[in-house]
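> This is the structure I want to talk about, given as structure tokens.
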Amino acid sequence: MTIRFVLNGREMCLDVAPDRRAVVLLREDLAVLGPKEGCGSGECGACSVLVDGEHRLSCLMLAAQLDGREVLTSEGLGDTETPHPLHQAFAAHGAVQCGFCSPGMVVAAAGLLGKKARPSREEVRRVLSGNLCRCTGYVKIVDAVLAAARVLRGRP
Amino acid sequence: MPQSIPPRPSPPHPRADGLAKACGTERYAADLYPPGLVWAGAFRPGVAHARVRAVHTDRAQAVPGVIRVLTAKDVPGTNLQGIVHKDQPVLCEDKVRHAGDPVALVLAESREALVRVLGLITADLEPLPGVFTPEEALKPGAPLIHDGRPQGNILLRAVIAKGRAAQALRRCPVRLTGVFHLPMQDHGFLETQNGVALLTPDGVLEMDVSTQAPFRDRFEIGHALGLSPWNIRIRAPYLGGAFGGKDGATVQCLLGLAAMNVPGRPVKMVWDREECFLAGYKRHPATLRYTLGAEADGRLTALRCRLVYDTGAYAHLGGEVMELGLEHAAGPYRIEHVRLEGLAVYTNNPVAGAMRGFGVAQASFGFEGMMDALARRLDMDPLELRLKNALRPGDVNPAGVRLTSSVGLVECLETVRTHPLWTGRRQWEAQAPPLTRRGVGLAAVFNAMGYGRGLPDMAVAKLELLEDGRFRVYSSVADMGQGNASAYAQLVAQDLNQDAGAVELLQPDTERCHPSGSSSAGRTTYSFGNALLKACTAMRVKLLSRAAMVLMRDELTSLELAPGRVVHPASGRSLALADLGRLLSRDDRVCVAEFLMPVAQDPPKTGTAFPIGFPHLFFSYAAHLARVEVDELTGRIRVADYLAATDGGRVLDPQRFHQQIEGGVAQGLGYALMEEVALDQGRILSDTLSTYLLPTSLDLPDTLSLAVDGCEDTGPRGLKGVGEVGMNGPLPCLAAALASITGQRPDRAPLTPERVLRALNRKPRLRKQA
């Protein structure tokens with residue numbers, strides 16, 4: 001079947017198998033490797049993407065469900081040359097260790113900051129609670145998200 | 001060996017890998033999908049103990065998209081893997097010994113075909129009686145997991161003895177006993193075991209794999225598959241977590257076997273989360289029995305204990321894990337008389353192996369549980385009791401080693417003692433909200449660094465001046481997330497006075513880097529960092545002396561390294577490193593240096609059952625404090641505050657230091673509160689992340705990590721490894737906090753709501769009147 005969607009700002013038109021999962025489409029067919037597959041069953045959050053600004057798990061979606069949508073991954077927010085404030089904050093605040101959860105965390109945080117410019121520490125913890133991190137204990141991740149929120153509000 | 005040590009911790013040095021990982025552009029082994037990929041997967045019958053009569057692959061072979069289905073008879077080498085003992089088949093032939101044992105390997109054109117085929121293979125199995133606890137395994141006449149072993153199901157039994165424990169215990173005015181049960185823990189790394197392999201036309205087996213030990217992997221694969229290790233090339237990109245679980249073969253031998261059967265085509269194997277639980281290594285479940293003797297004033301005099309570790313179906317690192325647990329079993333305390341006995345026992349449970357806190361996380365529950373019980377018995381302040389007995393520099397530790405290394409436990413305890421979280425604890429406890437009980441606990445813990453005596457802890461660093469005047473570090477020690485690679489870049493930049501951006505990192509590649517051991521044992525920055533600083537010294541001399549020729553200076557001391565240049569301050573002349581880079585031949589742009597970790601001199605004449613790795617000389621120390629709230633209705637523990645004061649020598653980079661502590665504490669809190677691999681007759685019941693719970697951002701406190709100022713003279717810039725010590729504190733700390741509420745020491749981890757409720761109800765306590 002043919003699907004059309006916008007991926008990180010680029011219009012895509014693709015022929016996909018009906019049972020292709022979104023995470024496999026992104027990673028294996030399109031080489032968008034920021035979303036990671038940590039569990040394949042919606043439990044770890046490493047495959048997080050934004051679909052029309054909403055935080056979604058690409059391992060639980062079929063590729064076909066992306067049809068007509070706007071999909072954003074961590075790569076779509078920026079790259080190492082032109083990083084997003086969340087990327088910068090994650091690096092600066094030590095929110096990254098092994099980094100396998102990081103692109104998903106960044107996406108989840110971007111989803112939150114897209115709706116709420118001034119979240120509390122508790123709200124950040126709540127929104128990130130579906131994204132597992134085994135390295136950090138989350139302290140520095142929460143610090144980074146709050147710091148990025150300050151930057152995005154224009155008050156570094 | 002003492003080096004010039006800077007007076008203060010250096011300013012924060014952002015991790016070299018942080019930004020690319022956050023952006024999603026860093027490439028892990030799991031991100032590799034070379035064209036023409038073949039998918040490989042293992043068939044695991046899921047039975048814990050059985051004879052294999054036949055493996056039926058005919059239906060599977062006929063499925064479109066299937067390339068080959070291999071069984072044990074297709075394995076060309078010994079078909080045996082194992083780091084110390086070669087007892088684990090790559091593909092089982094006559095017997096399966098745990099539910100994750102594989103009997104067939106499938107190669108398919110697509111992941112869809114692979115999944116279809118794995119469902120079509122069957123095995124004729126004759127079930128054998130299994131043993132699922134060490135107690136069963138040790139009974140006379142118990143079913144044997146491995147035939148032909150004179151010690152039966154005992155992998156290793158060892159004793160560490162000092163003084164006369166039995167006699168001394170009889171004389172002690174205070175004697176306490178305790179039994180402690182520890183669960184099986186899963187590493188829970190997010191990148192599951194995986195890799196990509198290719199057999200090249202030259203006959204070289206190349207592998208990009210998520211591994212902690214690329215250099216050792218060559219020997220494991222070579223032995224198992226009958227290949228020369230020199231024809232195996234392993235690359236270890238950044239790992240998506242490991243924590244010990246990728247130390248030793250996971251996918252390596254299976255992948256190698258697969259690649260040998262499709263020469264010229266890349267093969268990918270990725271374990272899914274269920275397979276990761278089923279076939280991956282685990283933290284050893286353990287049972288600890290303690291008898292502690294003390295004087296009436298709290299001085300420890302004697303300790304006897306027996307630690308039994310369930311190593312599962314194969315040896316892996318079971319003997320070594322038990323060794324380290326035993327070496328730490330008496331805690332970081334002065335005790336004159338000890339008799340510590342340890343057993344690592346085979347069962348038909350999943351294979352246990354290395355995990356952060358390598359045997360010590362278990363023992364910490366034991367010795368700190370005893371200390372807490374002693375403090376209650378004597379009505380002593382638990383912190384003062386620990387201070388009274390804490391190891392100090394120059395002491396002989398319980399294993400009989402004189403501590404010529406740095407020992408900062410007293411400073412850690414003092415840091416906690418003066419902290420408001422401790423001094424204000426009574427007031428905080430008294431302000432518990434309704435239906436909530438509050439308690440505060442503390443723990444003193446330690447963790448050895450390095451391989452220990454008998455297994456040379458060696459690292460070989462290679463540093464190259466690039467043609468553009470920057471530098472490349474050939475890292476030989478995998479970075480599983482702890483940031484050792486970034487530490488290497490920082491050491492070089494600071495030592496050679498270069499900008500951080502002037503140092504690039506090459507991740508381990510057995511063809512381009514030098515063997516430097518595994519990423520484990522809290523050794524990565526210490527050992528390789530020391531080697532690298534020696535390489536830097538050689539590089540500095542090289543750069544100055546080559547520049548002296550161009551700048552026509554007789555005295556090297558008149559020259560200095562500046563960012564991107566060698567300068568002669570007196571004349572103001574200089575030479576760009578980029579010019580030097582082009583001037584020198586490749587051979588002349590490289591410096592290689594090695595470092596061997598010192599070991600204990602005059603080792604104690606005990607622990608003779610340990611062939612390698614005993615004793616250790618260097619330890620990191622920590623004192624932890626937890627403030628917890630217990631919900632009287634649900635039994636749920638909420639950790640309100642957590643403080644970790646750590647002696648890791650001098651801090652090279654505060655951010656990476658605290659990352660390690662906060663992360664270790666997080667894993668330790670998971671171990672304390674919720675993590676337990678549930679087993680039934682060797683089968684894992686909790687094989688998903690919704691049944692095996694890892695702590696989320698809502699389960700953990702804002703842990704406060706403080707470094708005490710110390711210096712290990714042998715360490716690079718005075719540091720010691722701190723990757724593991726943080727893991728060891730949370731369980732005893734929370735147990736102590738809970739005991740302060742219930743009056744009874746918990747004897748079983750994790751401290752689940754059910755257990756907490758039982759403890760609360762066991763001894764009802766009237767609420768204090770407000």
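If you're wondering about the labels, chains in the structure tokens are A, B, ... by order shown, residues count from 1 in each chain, ligands from 1 in order shown.
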Give me, as a list in words, the contact residues of chain A against chain B at a cut-off of 6 Å, counting only C-alpha atoms.
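Every residue meeting the condition is included here: Gly34, Gly38, Cys39, Glu43, Ser74, Glu75, Asp79, Thr80, His87, Ala91, Val96, Gln97, Cys98, Gly99, Phe100, Ser102, Pro103, Arg125, Ser129, Leu132, Cys135, Thr136, Gly137, Tyr138 and Val139 of chain A.
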> Would you mind exporting the chosen residues as an mmCIF file, in the first residue's frame, restricted to C-alpha atoms?

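Wrote it out as part-v3.cif, contents follow:
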```cif
data_model
loop_
_atom_site.group_PDB
_atom_site.id
_atom_site.type_symbol
_atom_site.label_atom_id
_atom_site.label_comp_id
_atom_site.auth_asym_id
_atom_site.auth_seq_id
_atom_site.Cartn_x
_atom_site.Cartn_y
_atom_site.Cartn_z
ATOM 1 C CA GLY A 34 17.246 7.834 16.279
ATOM 2 C CA GLY A 38 14.430 -1.680 23.177
ATOM 3 C CA CYS A 39 11.476 -3.981 23.757
ATOM 4 C CA GLU A 43 7.310 -0.805 27.487
ATOM 5 C CA SER A 74 15.178 13.406 17.400
ATOM 6 C CA GLU A 75 17.037 13.896 14.111
ATOM 7 C CA ASP A 79 21.752 17.590 14.470
ATOM 8 C CA THR A 80 25.173 17.980 16.011
ATOM 9 C CA HIS A 87 19.960 18.241 22.520
ATOM 10 C CA ALA A 91 24.723 17.025 26.458
ATOM 11 C CA VAL A 96 23.360 11.109 28.320
ATOM 12 C CA GLN A 97 25.294 8.027 29.350
ATOM 13 C CA CYS A 98 24.891 5.010 27.085
ATOM 14 C CA GLY A 99 22.516 7.195 25.105
ATOM 15 C CA PHE A 100 20.252 4.464 23.815
ATOM 16 C CA SER A 102 18.285 9.612 24.689
ATOM 17 C CA PRO A 103 16.645 10.260 21.300
ATOM 18 C CA ARG A 125 9.071 13.182 35.688
ATOM 19 C CA SER A 129 7.839 7.919 33.084
ATOM 20 C CA LEU A 132 13.072 3.904 30.635
ATOM 21 C CA CYS A 135 22.005 4.481 33.231
ATOM 22 C CA THR A 136 21.227 7.834 34.764
ATOM 23 C CA GLY A 137 18.633 7.545 37.505
ATOM 24 C CA TYR A 138 16.830 10.368 35.627
ATOM 25 C CA VAL A 139 18.097 13.255 37.775
#
```
> Which of segment 434-670 of chain B counts as strand (DSSP E) under DSSP, as a PyMOL selection string please?
chain B and resi 436-449+458-465+471-474+503-506+560-562+565-568+573-576+590-596+618-631+637-647
> Mind writing the picked residues with C-alpha atoms as an mmCIF file, in the first residue's frame?

```
data_model
loop_
_atom_site.group_PDB
_atom_site.id
_atom_site.type_symbol
_atom_site.label_atom_id
_atom_site.label_comp_id
_atom_site.auth_asym_id
_atom_site.auth_seq_id
_atom_site.Cartn_x
_atom_site.Cartn_y
_atom_site.Cartn_z
ATOM 1 C CA THR B 436 2.779 7.050 56.540
ATOM 2 C CA ARG B 437 5.816 5.922 58.459
ATOM 3 C CA ARG B 438 9.167 7.500 57.975
ATOM 4 C CA GLY B 439 12.577 5.972 58.468
ATOM 5 C CA VAL B 440 16.181 6.815 57.785
ATOM 6 C CA GLY B 441 18.854 4.283 57.012
ATOM 7 C CA LEU B 442 22.498 4.337 56.145
ATOM 8 C CA ALA B 443 25.051 1.972 54.726
ATOM 9 C CA ALA B 444 28.812 1.893 54.334
ATOM 10 C CA VAL B 445 29.976 0.039 51.256
ATOM 11 C CA PHE B 446 33.016 -0.508 49.086
ATOM 12 C CA ASN B 447 33.979 -2.127 45.829
ATOM 13 C CA ALA B 448 37.290 -3.387 44.532
ATOM 14 C CA MET B 449 38.828 -2.045 41.340
ATOM 15 C CA MET B 458 47.009 -4.403 31.706
ATOM 16 C CA ALA B 459 46.107 -1.677 29.257
ATOM 17 C CA VAL B 460 47.939 -0.545 26.144
ATOM 18 C CA ALA B 461 47.188 2.915 24.824
ATOM 19 C CA LYS B 462 47.906 4.180 21.363
ATOM 20 C CA LEU B 463 47.914 7.871 20.574
ATOM 21 C CA GLU B 464 48.439 9.340 17.124
ATOM 22 C CA LEU B 465 49.212 12.842 15.940
ATOM 23 C CA PHE B 471 45.150 13.739 17.981
ATOM 24 C CA ARG B 472 43.427 10.377 17.845
ATOM 25 C CA VAL B 473 43.072 8.051 20.809
ATOM 26 C CA TYR B 474 42.797 4.397 19.869
ATOM 27 C CA VAL B 503 41.168 14.949 20.255
ATOM 28 C CA GLU B 504 39.158 12.333 18.419
ATOM 29 C CA LEU B 505 38.289 8.862 19.609
ATOM 30 C CA LEU B 506 38.384 5.573 17.799
ATOM 31 C CA GLU B 560 56.060 24.382 25.151
ATOM 32 C CA LEU B 561 52.911 22.801 23.838
ATOM 33 C CA ALA B 562 50.080 25.205 23.126
ATOM 34 C CA ARG B 565 51.211 24.508 18.175
ATOM 35 C CA VAL B 566 54.633 24.010 19.643
ATOM 36 C CA VAL B 567 55.829 27.412 20.796
ATOM 37 C CA HIS B 568 59.149 28.917 21.787
ATOM 38 C CA ARG B 573 58.296 31.560 17.189
ATOM 39 C CA SER B 574 56.127 28.509 16.851
ATOM 40 C CA LEU B 575 55.342 25.526 14.681
ATOM 41 C CA ALA B 576 51.803 24.379 13.950
ATOM 42 C CA VAL B 590 52.286 7.261 16.921
ATOM 43 C CA CYS B 591 53.058 6.645 20.596
ATOM 44 C CA VAL B 592 52.156 3.441 22.371
ATOM 45 C CA ALA B 593 52.477 2.847 26.111
ATOM 46 C CA GLU B 594 51.238 0.267 28.564
ATOM 47 C CA PHE B 595 50.279 0.181 32.199
ATOM 48 C CA LEU B 596 49.990 -2.725 34.589
ATOM 49 C CA PHE B 618 42.290 -0.825 45.411
ATOM 50 C CA PHE B 619 38.785 -0.055 46.612
ATOM 51 C CA SER B 620 36.328 2.775 46.282
ATOM 52 C CA TYR B 621 34.287 3.521 49.369
ATOM 53 C CA ALA B 622 30.946 5.141 50.030
ATOM 54 C CA ALA B 623 28.488 6.019 52.742
ATOM 55 C CA HIS B 624 24.856 6.202 51.690
ATOM 56 C CA LEU B 625 21.817 7.614 53.417
ATOM 57 C CA ALA B 626 18.171 7.089 52.515
ATOM 58 C CA ARG B 627 15.073 8.720 53.883
ATOM 59 C CA VAL B 628 12.050 6.603 53.091
ATOM 60 C CA GLU B 629 8.318 6.828 53.554
ATOM 61 C CA VAL B 630 6.290 3.671 53.897
ATOM 62 C CA ASP B 631 2.611 3.698 53.045
ATOM 63 C CA ILE B 637 8.244 2.414 49.916
ATOM 64 C CA ARG B 638 8.876 5.869 48.563
ATOM 65 C CA VAL B 639 12.469 7.041 48.694
ATOM 66 C CA ALA B 640 12.154 10.687 49.623
ATOM 67 C CA ASP B 641 15.850 11.558 49.717
ATOM 68 C CA TYR B 642 19.024 9.739 48.872
ATOM 69 C CA LEU B 643 22.549 10.839 49.611
ATOM 70 C CA ALA B 644 25.699 9.100 48.405
ATOM 71 C CA ALA B 645 29.093 10.269 49.651
ATOM 72 C CA THR B 646 31.800 8.556 47.648
ATOM 73 C CA ASP B 647 35.559 8.212 47.819
#
```
> Taking 2 positions as the minimum chain separation for residues in the same chain, which residues sit within 9 Å of Ala109 of chain A when counting only C-alpha atoms? Answer as a ChimeraX atom specification.
/A:55,86,104-107,111-114,124,127-128,145
> Please give the complete set of residues from segment 38-91 of chain A that DSSP, run on the backbone, assigns to alpha helix (DSSP H), formatted as a ChimeraX atom specification.
/A:74-77,85-91
> Between atom CA of Pro434 of chain B and atom CA of Ala739 of chain B, measure the distance and give it in Å to one decimal.
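Atom CA of Ala739 of chain B lies at a distance of 19.5 Å from atom CA of Pro434 of chain B.
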> What is the distance between atom CA of Phe367 of chain B and atom CA of Gly648 of chain B, in Å to one decimal?
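These atoms are spaced 21.2 Å apart.
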> Any idea what's packed within 8 Å of Ala249 of chain B, counting only C-alpha atoms, ignoring anything in its chain fewer than 3 positions away? Could you give it as a PyMOL selection string?
chain B and resi 81-82+217+220+246+252-253
> Using only C-alpha atoms, can you tell me which of A:Ile141, A:Leu72, A:Leu66, A:Val6 comes closest to Gly53 of chain A?
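Selected residue with least distance to Gly53 of chain A: A:Leu72.
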> Pick the closest to Asp67 of chain A from A:Ala46, A:Leu152, A:Ala110, A:Ala22: which is it, counting only C-alpha atoms?
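Under the stated criterion, the closest residue is A:Ala22.
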> Determine, counting only C-alpha atoms, which protein, DNA and RNA residues have an atom within 12 Å of an atom of Pro64 of chain B; residues of the same chain fewer than 5 positions away are not included. Present the result as a compact mmCIF listing (two decimals) with N, CA, C and O atoms, in the first residue's frame.

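The resulting file, around10.txt, is shown below:
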```
# COMPACT_ATOMS: atom_id res chain seq x y z
N ARG B 59 10.97 -29.26 8.19
CA ARG B 59 9.91 -28.33 7.78
C ARG B 59 10.47 -26.92 7.66
O ARG B 59 10.10 -26.16 6.77
N LEU B 107 19.30 -19.23 9.57
CA LEU B 107 19.72 -18.11 8.72
C LEU B 107 18.62 -17.88 7.71
O LEU B 107 18.20 -18.82 7.02
N ALA B 108 18.13 -16.66 7.64
CA ALA B 108 17.01 -16.37 6.76
C ALA B 108 17.24 -15.07 6.01
O ALA B 108 18.05 -14.24 6.42
N GLU B 109 16.49 -14.94 4.90
CA GLU B 109 16.66 -13.76 4.05
C GLU B 109 16.00 -12.51 4.64
O GLU B 109 16.31 -11.40 4.24
N SER B 110 15.06 -12.71 5.54
CA SER B 110 14.38 -11.55 6.12
C SER B 110 14.04 -11.85 7.56
O SER B 110 14.01 -13.01 7.98
N GLU B 112 11.16 -11.48 8.81
CA GLU B 112 9.85 -12.12 8.82
C GLU B 112 10.01 -13.63 8.62
O GLU B 112 9.39 -14.44 9.31
N ALA B 113 10.86 -14.01 7.64
CA ALA B 113 11.09 -15.44 7.40
C ALA B 113 11.71 -16.08 8.63
O ALA B 113 11.36 -17.20 9.00
N LEU B 114 12.62 -15.35 9.29
CA LEU B 114 13.28 -15.89 10.48
C LEU B 114 12.25 -16.22 11.57
O LEU B 114 12.28 -17.29 12.16
N ARG B 116 9.05 -16.80 11.21
CA ARG B 116 8.20 -17.93 10.79
C ARG B 116 8.91 -19.25 11.05
O ARG B 116 8.34 -20.19 11.59
N VAL B 117 10.16 -19.30 10.67
CA VAL B 117 10.89 -20.56 10.73
C VAL B 117 11.15 -21.00 12.18
O VAL B 117 11.04 -22.17 12.49
```
> Between atom CA of His514 of chain B and atom CA of Gly454 of chain B, measure the distance and give it in Å to one decimal.
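Taking atom CA of His514 of chain B as the start and atom CA of Gly454 of chain B as the end point, the length is 20.8 Å.
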